[in-house]
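The structure under discussion appears below in the form of structure tokens.
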Amino acid sequence: MDPLQELRSRLGQLQEQQLLRTRRIVEGPCRPQTTVLGGEGPRPMLAFCSNDYLGLAAHPAVVAGLERGARQLGAGSGASHLISGHHLAHHRLEERLAQLESPHIPGCRALFFGTGYLANIAVLASLADRETEIFSEELNHASLIDGIRMSRARRQVYPHADLATLAARLRASTARRKLIVTDAVFSMDGDLAPLPQLLELAGQHGAWLMVDDAHGFGVLGERGRGSLAHHGLRSEHLVYVGTLGKALGVAGAFVAAHETVIEWLVQRARPYVFSTASPPALAVALEAALDITTGAQGETLRAALAERIARLRAGLAVDPWRLLPSTTAIQPIIIGDNAATMAAAGALQEQGLWVAGIRPPTVPQGSSRLRVTLSAAHAPAQIDQLVAALNALAAQQRDR
């Protein structure tokens with residue numbers, strides 16, 4: 001078969017299975033009220049699908065930080081961190097992030113990456129090898145799964161939040177090095193990993209615990225320090241990855257760990273060694289975002305987000321669909337069927353409401369869902385508008 005024809009056939013199969021993904025072009029800054037471009041022209045939409053949980057992506061102080069950084073430091077870094085691309089702005093950001101996580105990781109140091117995907121791959125491919133056994137949560141993010149594959153370590157996937165199974169597999173392991181890997185807030189379900197129990201198991205079996213806190217940093221814990229602070233954890237065997245493009249509203253990620261771990265990453269993590277450093281202006285913008293999240297304004301924004309979450313959950317009556325028991329900004333509504341999920345997302349879009357329909361392989365077969373994500377920037381009336389639309393759609397489904 002001609003190579004192009006083969007790809008066309010495979011794309012056709014995705015279309016038949018209601019699994020073909022499409023991109024939408026957004027005009028303007030990341031805000032709840034946005035404009036989507038398409039064949040019918042610009043269309044105003046009320047978005048419930050971004051990860052801008054505190055509304056900082058278009059915050060004037062963060063935008064001003066980015067502008068100031070670009071004026072003073074230019075548009076790019078020019079090289080990798082280990083050549084000439086490691087700017088004072090990067091250094092200051094790393095020191096500040098390390099200080100934030102130091103109550104939870106003795107001897108803490110931080111390392112800044114361009115994306116969370118890069119950070120996860122860097123940690124796993126550097127800390128693990130063929131003599132390592134990795135114990136991976138069933139619902140871990142794709143970046144963790146890919147990093148585990150690249151590490152060439154043996155892999156054990158334990159069922160979601162199943163501590164008994166994990167403990168049994170750790171006891172049975174004869175690996176020289178063990179590593180437990182988990183999301184802190186699960187991106188498609190919105191629930192929290194049992195981190196205190198996982199850390200206890202890691203200590204009992206001489207294992208590292210790697211925590212990907214993409215959806216917790218900035219939102220959870222005192223001063224928004226994330227899931228380690230939320231659970232009150234402390235260990236020098238923690239490896240913590242925080243994402244800076246979600247609640248912080250900008251871009252990038254960081255790894256916080258004992259200084260020995262970070263030095264090993266600097267020396268051996270290929271995604272760090274061989275990547276051009278992020279523009280230093282981003283580091284300036286991120287410091288401005290940290291000023292907000294760690295201060296009084298951050299507390300106000302987190303309280304507003306909590307109110308929006310409670311308002312949504314109190315108002316929803318989506319039987320026969322199922323609202324998962326999440327206390328976070330991620331509020332999934334399980335529909336099940338791919339076509340029915342996309343039909344519901346399309347019906348909401350016709351009302352000017354943008355909610356993502358999530359299908360396999362992002363979620364398991366038979367668990368397609370509407371993934372509602374909330375922000376402190378949403379107004380209460382906007383939450384009520386979404387609730388009314390979802391309840392009406394569910395009632396139509398129920399009456400069929």
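Chain lettering (A, B, ...) mirrors the order of the structure tokens, residue numbering begins at 1 for each chain separately, and ligand numbering begins at 1 in order of display.
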
Can you tell me, as a PyMOL selection string, what residues are no more than 12 Å from Thr294 in chain A when counting only C-alpha atoms, ignoring any on the same chain fewer than 5 positions away?
chain A and resi 96-97+99-100+217-226+247-248+286-289+299-302

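Our summary of the geometry notes that CA of Asp319 in chain A is positioned 10.0 Å from CA of Leu393 in chain A.
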
What's around Asp213 in chain A at 9 Å? Count only C-alpha atoms, leave out sequence neighbours fewer than 4 positions away in its own chain, and write the answer as an MDAnalysis selection string.
chainID A and resid 182:186 217 226:228 240:243

For the residues selected in the previous step, produce a file with N, CA and C atoms as a tab-separated table (two decimals), in the first residue's frame.
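As a result, result.tsv now contains:
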```tsv
chain	number	residue	atom	x	y	z
A	182	THR	N	3.86	8.69	40.41
A	182	THR	CA	2.43	8.99	40.42
A	182	THR	C	2.16	10.45	40.10
A	183	ASP	N	1.03	10.68	39.44
A	183	ASP	CA	0.44	12.02	39.42
A	183	ASP	C	0.01	12.36	40.85
A	184	ALA	N	-0.02	13.65	41.17
A	184	ALA	CA	-0.55	14.09	42.46
A	184	ALA	C	-2.05	14.36	42.35
A	185	VAL	N	-2.45	15.07	41.30
A	185	VAL	CA	-3.85	15.29	40.96
A	185	VAL	C	-4.05	14.66	39.58
A	186	PHE	N	-4.95	13.72	39.48
A	186	PHE	CA	-5.10	12.99	38.22
A	186	PHE	C	-5.87	13.84	37.21
A	217	PHE	N	0.34	22.30	41.83
A	217	PHE	CA	1.21	23.42	42.18
A	217	PHE	C	0.51	24.74	41.87
A	226	GLY	N	1.68	23.46	46.64
A	226	GLY	CA	1.39	22.23	45.96
A	226	GLY	C	1.05	21.07	46.86
A	227	SER	N	1.08	19.87	46.26
A	227	SER	CA	0.58	18.68	46.94
A	227	SER	C	1.44	18.22	48.11
A	228	LEU	N	2.75	18.47	48.06
A	228	LEU	CA	3.58	18.09	49.20
A	228	LEU	C	3.17	18.90	50.43
A	240	TYR	N	10.05	15.88	43.03
A	240	TYR	CA	8.80	16.61	42.81
A	240	TYR	C	8.88	17.40	41.51
A	241	VAL	N	7.86	17.24	40.66
A	241	VAL	CA	7.78	17.99	39.41
A	241	VAL	C	6.56	18.90	39.48
A	242	GLY	N	6.80	20.20	39.37
A	242	GLY	CA	5.72	21.18	39.36
A	242	GLY	C	5.61	21.84	38.00
A	243	THR	N	4.39	21.99	37.52
A	243	THR	CA	4.16	22.61	36.21
A	243	THR	C	3.87	24.10	36.39
```

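Taking CA of Ala61 in chain A and CA of Val255 in chain A as the two end points, the separation is 25.0 Å.
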